[in-house]
Every structure is written in C-alpha cells, then in structure tokens.
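*Asks:* Sharing data.cif (mmCIF, C-alpha atoms) below.
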```cif
data_model
loop_
_atom_site.label_atom_id
_atom_site.label_comp_id
_atom_site.auth_asym_id
_atom_site.auth_seq_id
_atom_site.Cartn_x
_atom_site.Cartn_y
_atom_site.Cartn_z
CA MET A 18 -21.34 -26.47 5.12
CA THR A 19 -19.26 -28.67 7.42
CA SER A 20 -16.91 -27.50 10.17
CA GLY A 21 -13.93 -28.61 8.08
CA GLN A 22 -15.08 -26.45 5.19
CA LEU A 23 -15.61 -23.47 7.49
CA GLU A 24 -12.12 -23.97 8.88
CA LEU A 25 -10.74 -24.04 5.33
CA LEU A 26 -12.52 -20.77 4.52
CA LEU A 27 -11.23 -19.11 7.68
CA HIS A 28 -7.70 -20.24 6.85
CA GLY A 29 -8.08 -18.78 3.36
CA ALA A 30 -9.44 -15.53 4.77
CA LEU A 31 -6.44 -15.29 7.11
CA ASN A 32 -4.07 -15.83 4.19
CA THR A 33 -5.91 -13.13 2.25
CA VAL A 34 -5.36 -10.72 5.15
CA TYR A 35 -1.68 -11.68 5.25
CA LEU A 36 -1.36 -11.08 1.51
CA THR A 37 -3.12 -7.73 1.74
CA LEU A 38 -1.17 -6.41 4.71
CA GLY A 39 2.17 -7.82 3.55
CA GLY A 40 1.72 -6.58 0.00
CA GLY A 41 0.45 -3.24 1.34
CA ALA A 42 3.48 -2.78 3.59
CA LEU A 43 5.86 -3.57 0.72
CA GLY A 44 3.89 -1.34 -1.64
CA LEU A 45 3.93 1.55 0.83
CA ALA A 46 7.70 1.30 1.29
CA LEU A 47 8.24 1.21 -2.47
CA ALA A 48 5.75 4.05 -3.00
CA LEU A 49 7.53 6.30 -0.50
CA ALA A 50 10.92 5.55 -2.04
CA ALA A 51 9.74 5.99 -5.63
CA GLY A 52 7.60 9.04 -4.84
CA LEU A 53 10.47 10.80 -3.09
CA ALA A 54 12.84 9.78 -5.88
CA ARG A 55 10.53 11.31 -8.48
CA CYS A 56 10.57 14.57 -6.55
CA SER A 57 14.36 14.60 -6.26
CA GLU A 58 16.48 17.46 -7.54
CA HIS A 59 18.82 14.98 -9.21
CA ARG A 60 18.16 13.30 -12.53
CA LEU A 61 19.28 9.76 -11.65
CA PRO A 62 16.81 9.20 -8.74
CA ARG A 63 14.02 10.70 -10.85
CA TRP A 64 14.86 8.33 -13.71
CA ILE A 65 14.98 5.28 -11.41
CA GLY A 66 11.66 6.21 -9.79
CA ALA A 67 10.02 6.80 -13.17
CA CYS A 68 11.30 3.46 -14.52
CA TYR A 69 9.85 1.58 -11.55
CA VAL A 70 6.47 3.31 -11.84
CA GLU A 71 6.10 2.92 -15.58
CA ILE A 72 7.31 -0.69 -15.70
CA PHE A 73 5.37 -2.18 -12.78
CA ARG A 74 2.27 -0.10 -13.37
CA GLY A 75 2.02 -1.74 -16.77
CA LEU A 76 2.62 -5.33 -15.63
CA PRO A 77 -0.42 -7.45 -14.67
CA THR A 78 -0.34 -8.76 -11.12
CA LEU A 79 -1.14 -12.27 -12.35
CA VAL A 80 1.85 -12.32 -14.70
CA LEU A 81 4.12 -11.16 -11.87
CA ALA A 82 2.73 -13.92 -9.64
CA PHE A 83 3.38 -16.51 -12.35
CA TRP A 84 6.94 -15.21 -12.73
CA PHE A 85 7.75 -15.38 -9.03
CA VAL A 86 6.12 -18.80 -8.54
CA PHE A 87 7.36 -20.60 -11.67
CA VAL A 88 10.27 -18.66 -13.23
CA VAL A 89 12.27 -17.70 -10.14
CA PRO A 90 12.57 -21.36 -8.95
CA ALA A 91 13.85 -22.27 -12.43
CA LEU A 92 16.61 -19.69 -11.92
CA GLY A 93 17.69 -21.37 -8.68
CA TRP A 94 15.74 -19.50 -5.98
CA GLN A 95 12.77 -21.14 -4.31
CA LEU A 96 10.20 -18.69 -2.97
CA ASN A 97 7.41 -19.52 -0.57
CA PRO A 98 4.15 -19.06 -2.56
CA MET A 99 2.80 -16.60 0.01
CA TRP A 100 5.95 -14.47 -0.26
CA ALA A 101 5.72 -14.67 -4.04
CA GLY A 102 2.15 -13.40 -3.87
CA MET A 103 3.10 -10.54 -1.56
CA LEU A 104 5.94 -9.54 -3.89
CA ALA A 105 3.68 -9.52 -6.94
CA LEU A 106 0.98 -7.51 -5.16
CA GLY A 107 3.39 -5.09 -3.47
CA LEU A 108 5.40 -4.32 -6.61
CA ASN A 109 2.25 -3.62 -8.59
CA ILE A 110 0.35 -1.51 -6.06
CA GLY A 111 3.51 0.35 -5.06
CA ALA A 112 3.81 1.74 -8.59
CA TYR A 113 0.30 3.20 -8.37
CA ALA A 114 0.78 4.49 -4.82
CA ALA A 115 4.06 6.18 -5.81
CA GLU A 116 2.07 8.64 -7.90
CA VAL A 117 -0.12 9.39 -4.88
CA VAL A 118 2.99 10.11 -2.80
CA ARG A 119 4.48 12.28 -5.53
CA GLY A 120 1.28 14.29 -5.91
CA ALA A 121 0.94 14.83 -2.15
CA ILE A 122 4.56 15.98 -1.85
CA ARG A 123 4.15 18.36 -4.80
CA ALA A 124 1.08 19.81 -3.07
CA VAL A 125 3.16 21.03 -0.11
CA PRO A 126 3.65 24.81 -0.59
CA ALA A 127 7.08 25.73 -1.92
CA ALA A 128 7.39 28.40 0.79
CA GLN A 129 7.55 25.63 3.39
CA ILE A 130 10.57 24.08 1.69
CA GLU A 131 12.25 27.46 1.23
CA ALA A 132 11.78 28.25 4.91
CA ALA A 133 13.27 24.87 5.87
CA ILE A 134 16.28 25.57 3.65
CA ALA A 135 16.63 28.98 5.28
CA LEU A 136 16.76 27.22 8.66
CA ASN A 137 19.66 25.08 7.36
CA PHE A 138 17.66 21.87 7.45
CA THR A 139 19.32 18.96 5.71
CA ARG A 140 17.39 17.17 2.97
CA THR A 141 16.57 14.35 5.39
CA GLN A 142 15.26 16.82 7.96
CA ARG A 143 13.17 18.59 5.32
CA ILE A 144 11.60 15.30 4.28
CA ALA A 145 11.02 13.95 7.80
CA ARG A 146 9.92 17.18 9.52
CA VAL A 147 8.31 19.25 6.78
CA LEU A 148 7.33 17.30 3.67
CA LEU A 149 5.96 14.01 4.97
CA PRO A 150 3.97 15.33 7.97
CA GLN A 151 2.04 17.68 5.67
CA ALA A 152 1.79 15.32 2.71
CA TYR A 153 0.50 12.53 4.99
CA ARG A 154 -2.92 14.13 5.34
CA ALA A 155 -3.29 14.50 1.58
CA MET A 156 -2.07 11.03 0.66
CA LEU A 157 -4.01 9.04 3.29
CA PRO A 158 -7.42 8.80 1.52
CA PRO A 159 -6.06 7.68 -1.88
CA LEU A 160 -3.62 5.27 -0.20
CA GLY A 161 -6.61 3.79 1.60
CA ASN A 162 -8.28 3.26 -1.77
CA ASN A 163 -5.10 1.56 -3.02
CA LEU A 164 -5.24 -0.82 -0.05
CA ILE A 165 -8.81 -1.82 -0.89
CA GLU A 166 -7.78 -2.35 -4.51
CA LEU A 167 -4.93 -4.52 -3.26
CA LEU A 168 -7.40 -6.64 -1.29
CA LYS A 169 -9.44 -7.23 -4.44
CA MET A 170 -6.33 -7.94 -6.53
CA SER A 171 -5.24 -10.58 -4.03
CA ALA A 172 -7.91 -12.90 -5.45
CA VAL A 173 -5.89 -13.41 -8.64
CA VAL A 174 -3.07 -15.19 -6.79
CA SER A 175 -5.41 -18.15 -6.31
CA ILE A 176 -4.66 -19.07 -9.93
CA VAL A 177 -1.06 -19.91 -8.95
CA SER A 178 -2.31 -22.20 -6.14
CA ILE A 179 -1.76 -19.78 -3.25
CA PRO A 180 -4.32 -20.88 -0.61
CA ASP A 181 -6.15 -17.58 -0.17
CA LEU A 182 -9.88 -17.13 0.34
CA THR A 183 -10.74 -17.57 -3.35
CA PHE A 184 -8.57 -20.68 -3.80
CA ASN A 185 -10.02 -22.42 -0.74
CA ALA A 186 -13.54 -21.47 -1.78
CA GLN A 187 -12.89 -23.12 -5.14
CA LEU A 188 -11.74 -26.28 -3.35
CA ILE A 189 -14.97 -26.36 -1.34
CA ARG A 190 -17.07 -25.77 -4.46
CA MET A 191 -15.41 -28.64 -6.33
CA SER A 192 -15.78 -31.04 -3.41
CA SER A 193 -19.36 -30.12 -2.46
CA GLY A 194 -20.88 -28.87 -5.71
CA GLU A 195 -22.43 -25.89 -3.84
CA THR A 196 -21.70 -23.08 -6.30
CA THR A 197 -24.27 -20.50 -5.16
CA LEU A 198 -23.62 -20.86 -1.44
CA VAL A 199 -19.82 -20.87 -1.77
CA PHE A 200 -19.52 -17.86 -4.06
CA THR A 201 -22.11 -15.87 -2.12
CA GLY A 202 -20.12 -16.54 1.04
CA LEU A 203 -17.00 -15.50 -0.85
CA LEU A 204 -18.57 -12.14 -1.68
CA PHE A 205 -19.52 -11.55 1.94
CA GLY A 206 -16.04 -12.63 3.08
CA TYR A 207 -14.26 -10.05 0.94
CA ALA A 208 -16.86 -7.41 1.86
CA LEU A 209 -16.26 -8.05 5.57
CA ILE A 210 -12.47 -7.78 5.23
CA ALA A 211 -12.87 -4.61 3.17
CA LEU A 212 -15.22 -3.15 5.79
CA VAL A 213 -12.64 -3.71 8.53
CA LEU A 214 -9.91 -2.07 6.45
CA ILE A 215 -12.16 0.87 5.54
CA THR A 216 -13.01 1.38 9.22
CA LEU A 217 -9.31 1.49 10.13
CA ILE A 218 -8.57 3.92 7.30
CA ARG A 219 -11.44 6.20 8.31
CA ALA A 220 -10.14 6.21 11.89
CA LEU A 221 -6.71 7.30 10.65
CA GLU A 222 -8.32 10.03 8.54
CA ARG A 223 -10.34 11.34 11.49
CA ARG A 224 -7.22 11.37 13.63
CA ALA A 225 -5.36 13.33 10.96
CA VAL A 226 -8.22 15.84 10.69
CA ARG A 227 -8.38 16.27 14.47
CA SER A 228 -4.64 16.85 14.66
CA LEU A 229 -4.97 19.45 11.93
CA GLY A 230 -7.81 21.13 13.77
CA ARG A 231 -5.80 21.39 17.00
CA THR A 232 -2.94 23.09 15.16
CA PRO A 233 -3.50 26.83 14.71
CA GLU A 234 -0.63 27.13 12.24
CA PRO A 235 -0.84 25.77 8.67
CA GLY A 236 1.85 23.18 9.26
CA PRO A 237 4.65 21.85 11.47
CA LEU A 238 7.22 24.21 10.02
CA GLN A 239 5.55 27.19 11.70
CA ARG A 240 6.11 25.57 15.08
CA LEU A 241 9.80 25.16 14.26
CA LEU A 242 10.03 28.80 13.15
CA ARG A 243 8.36 29.94 16.36
CA ARG A 244 10.84 27.93 18.44
CA ALA A 245 13.71 29.48 16.48
CA GLU A 246 12.35 32.96 17.19
CA VAL A 247 11.98 32.20 20.89
CA ALA A 248 15.55 30.85 21.03
CA ARG A 249 16.83 34.15 19.66
#
```
How does this structure look as structure tokens?
*Replies:*
Amino acid sequence: MTSGQLELLLHGALNTVYLTLGGGALGLALALAAGLARCSEHRLPRWIGACYVEIFRGLPTLVLAFWFVFVVPALGWQLNPMWAGMLALGLNIGAYAAEVVRGAIRAVPAAQIEAAIALNFTRTQRIARVLLPQAYRAMLPPLGNNLIELLKMSAVVSIVSIPDLTFNAQLIRMSSGETTLVFTGLLFGYALIALVLITLIRALERRAVRSLGRTPEPGPLQRLLRRAEVAR
C-alpha cells in the first residue's frame, strides 16, 4: 500500500470520527430534548417527543442520507455532504437514545421530585439539579452503546459519496485490486476507533461510579435538603 493510499485511509478515518462525534452530539441534544418532553406533565410536549421518536426510529439512516444529499438541494438548499451525513446519523440515533433518557429519568425515585417541589424548585431547577444528575449514571452505559452503534452506522453514508473510511477504502480497492488487504484493514480501522470510544466511555463510567461512592447520601437532593436544614 502506497503512502498516498495510506493518507487517503487516514483522511477517511478522520471523516468517520467527525461523522460519529458530530452525529453523536446532535443525537444527544435531540435525545435529551425528546426524553424530557416525553416525561413532561403536559400533553403537547409528550406528543411532539413521541412523534419524533416513532418517526425517526423507523426511518433507515441510508434513506435519510439520500434525502439530505439529493432531495434538499432540489428544494433550494445546498448542504455540505458531511453535514448531511451528520444530520442523518444524529436524527436516527437520537430517536433511540431518547428512550434511554426517558427510562433513566423515570428511574429516579418519585420522592426526590416531591422533595424538590416541596423546596419550591422550579421545573428547570428540578431537571438540572435533581433529575439529570441522578439519571446521568443510569443512562451513560446505554448511551455509550448508542455511540458505538452510530460509529458502525456511519459506514452507510459512503453510498452517497461522503468520503468516510469505507468510501475511501472502496476507492483504494478499485484502483489497486487489493480486496483482502483493503477490507481487512477496514475492519481493523473501525475496531481501533471503537476501542478508543469504548475506553473514553469506560473512563466516564468509572468517574460516575467513584463520584457515587464518595457521596454518602443517595443523591444530590439530600445535600440540598441538608443545606436547607442548616440554614434554618
């Protein structure tokens, strides 16, 4: 394999990382919004969150990528192919991750919410200081799995000519005829990226466990209650 081919593979690997992290960031933002909306006391946010989850969870990522790359320009908006890929990946994985967020929020004991209401916390304060800090530990492992799934799904965007790792590997295979070497290297490339992501996720999980172990109370709300008692 020549230096030019190695450079092409590295460029594709970098684009794959961009697609994974960009799509993951968009998916996480959408998942938090949709998950919180589905746990809302009001019907309209619950309906909007449910529509997003059910619609985009049922749409193939490849079809979304085709739509953003070929249909949107026909409507008058030209999207960069990388941005189109991130949108397709983020919208799809966000629908799956929204259910993770919803489940983690539902797992927070109701007594915690009742105590926050008794302390006259606003809804924003209850979410930021009670719900999310406790739900974070429960949602982190499955969200990590979603990120790895997103990495694997990113390979499908090569079909719409986005120069990711798979697309560039195909270019090298067609120009050199080395099928076995190229696709074996492709397997190791995705495995290496996944290993790095898994290592980062495990580090976040260990940090969350250590923070839980240093806290004698079940959750952050107990610290707030203790401060309120001291203030009295």
*Asks:* Name the residues in contact with region 195-211 of chain A at a cut-off of 8 Å, using all atoms listed in the file, excluding same-chain residues fewer than 6 positions from it; report them as a list of chain:residue names.
*Replies:*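 Everything that qualifies: A:Ala30, A:Val34, A:Ile165, A:Leu168, A:Lys169, A:Leu182, A:Thr183, A:Ala186, A:Ile189.
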*Asks:* Counting only C-alpha atoms, what is within 9 Å of Leu108 (chain A), bar same-chain residues fewer than 3 positions away, as an mmCIF file with C-alpha atoms, in the frame of the given file?
*Replies:*
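Written out: part_37.cif:
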```cif
data_model
loop_
_atom_site.group_PDB
_atom_site.id
_atom_site.type_symbol
_atom_site.label_atom_id
_atom_site.label_comp_id
_atom_site.auth_asym_id
_atom_site.auth_seq_id
_atom_site.Cartn_x
_atom_site.Cartn_y
_atom_site.Cartn_z
ATOM 1 C CA GLY A 40 1.720 -6.580 0.000
ATOM 2 C CA LEU A 43 5.860 -3.570 0.720
ATOM 3 C CA GLY A 44 3.890 -1.340 -1.640
ATOM 4 C CA LEU A 47 8.240 1.210 -2.470
ATOM 5 C CA TYR A 69 9.850 1.580 -11.550
ATOM 6 C CA PHE A 73 5.370 -2.180 -12.780
ATOM 7 C CA ARG A 74 2.270 -0.100 -13.370
ATOM 8 C CA THR A 78 -0.340 -8.760 -11.120
ATOM 9 C CA LEU A 81 4.120 -11.160 -11.870
ATOM 10 C CA MET A 103 3.100 -10.540 -1.560
ATOM 11 C CA LEU A 104 5.940 -9.540 -3.890
ATOM 12 C CA ALA A 105 3.680 -9.520 -6.940
ATOM 13 C CA GLY A 111 3.510 0.350 -5.060
ATOM 14 C CA ALA A 112 3.810 1.740 -8.590
#
```
*Asks:* Would you kindly translate the PyMOL selection byres ((chain A and resi 152) around 10) into the concrete residues it picks from this file, as a ChimeraX atom specification?
*Replies:* /A:117-125,144,147-151,153-157
*Asks:* Please, what distance in Å, to one decimal, runs between CA of Arg63 (chain A) and CA of Ala48 (chain A)?
*Replies:*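 These atoms are spaced 13.2 Å apart.
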*Asks:* Any idea what the distance is between CA of Leu79 (chain A) and CA of Gly21 (chain A)?
*Replies:*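 Between these atoms lies a distance of 29.1 Å.
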*Asks:* Could you tell me which of A:Val86, A:Leu160, A:Leu217, A:Ala172 comes closest to Leu36 (chain A) if we count all atoms listed in the file?
*Replies:* A:Ala172
*Asks:* Counting all atoms listed in the file, which of A:Pro77, A:Pro90, A:Pro158, A:Gly39 gets nearest to Ala114 (chain A)?
*Replies:*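 The closest residue to Ala114 (chain A) is A:Pro158.
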*Asks:* Tell me which residues the PyMOL selection byres ((chain A and resi 52-56) around 7) grabs here, as a list in words.
*Replies:* Ala48, Leu49, Ala50, Ala51, Ser57, Glu58, Pro62, Arg63, Gly66, Ala67, Ala115, Glu116, Val118 and Arg119 of chain A
*Asks:* What would the file look like if the residues just selected were written as an mmCIF file, in the frame of the given file with C-alpha atoms?
*Replies:*
```cif
data_model
loop_
_atom_site.group_PDB
_atom_site.id
_atom_site.type_symbol
_atom_site.label_atom_id
_atom_site.label_comp_id
_atom_site.auth_asym_id
_atom_site.auth_seq_id
_atom_site.Cartn_x
_atom_site.Cartn_y
_atom_site.Cartn_z
ATOM 1 C CA ALA A 48 5.750 4.050 -3.000
ATOM 2 C CA LEU A 49 7.530 6.300 -0.500
ATOM 3 C CA ALA A 50 10.920 5.550 -2.040
ATOM 4 C CA ALA A 51 9.740 5.990 -5.630
ATOM 5 C CA SER A 57 14.360 14.600 -6.260
ATOM 6 C CA GLU A 58 16.480 17.460 -7.540
ATOM 7 C CA PRO A 62 16.810 9.200 -8.740
ATOM 8 C CA ARG A 63 14.020 10.700 -10.850
ATOM 9 C CA GLY A 66 11.660 6.210 -9.790
ATOM 10 C CA ALA A 67 10.020 6.800 -13.170
ATOM 11 C CA ALA A 115 4.060 6.180 -5.810
ATOM 12 C CA GLU A 116 2.070 8.640 -7.900
ATOM 13 C CA VAL A 118 2.990 10.110 -2.800
ATOM 14 C CA ARG A 119 4.480 12.280 -5.530
#
```
*Asks:* Check the smallest atom-to-atom distance from each of A:Val174, A:Leu26, A:Leu136, A:Leu214 to Trp100 (chain A) using all atoms listed in the file, then report the winner.
*Replies:* A:Val174
*Asks:* Just to confirm, what's the straight-line distance from CA of Pro98 (chain A) to CA of Phe85 (chain A) in Å (one decimal)?
*Replies:*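 Atom-to-atom, CA of Pro98 (chain A) and CA of Phe85 (chain A) are spaced 8.3 Å apart.
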*Asks:* Between A:Leu61, A:Ala220, A:Ile110, A:Leu96, which has the minimum distance to Leu38 (chain A) (counting only C-alpha atoms)?
*Replies:*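 Going through A:Leu61, A:Ala220, A:Ile110, A:Leu96 one by one, the smallest distance to Leu38 (chain A) is for A:Ile110.
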*Asks:* Apply the PyMOL selection byres ((chain A and resi 130) around 10) to the file shown and report the selected residues as a ChimeraX atom specification.
*Replies:* /A:125-129,131-136,138,140,143-144,147-148,238
*Asks:* May I have the centre and edge lengths, in Å to one decimal, of an axis-aligned box around the listed atoms of region 128-140 of chain A with 3 Å added to every side, as AutoDock Vina command-line options?
*Replies:*
```
--center_x 13.5 --center_y 23.1 --center_z 4.7 --size_x 18.3 --size_y 17.8 --size_z 13.9
```
*Asks:* Closest to Val177 (chain A) among A:Leu221, A:Leu45, A:Ala145, A:Val80, using only C-alpha atoms?
*Replies:*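 Of A:Leu221, A:Leu45, A:Ala145, A:Val80, the one nearest Val177 (chain A) is A:Val80, counting only C-alpha atoms.
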*Asks:* For Thr37 (chain A), which of A:Val89, A:Pro159, A:Glu24, A:Glu166 is the closest residue, counting all atoms listed in the file?
*Replies:*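 Once distances to Thr37 (chain A) are computed over all atoms listed in the file, the minimum belongs to A:Glu166.
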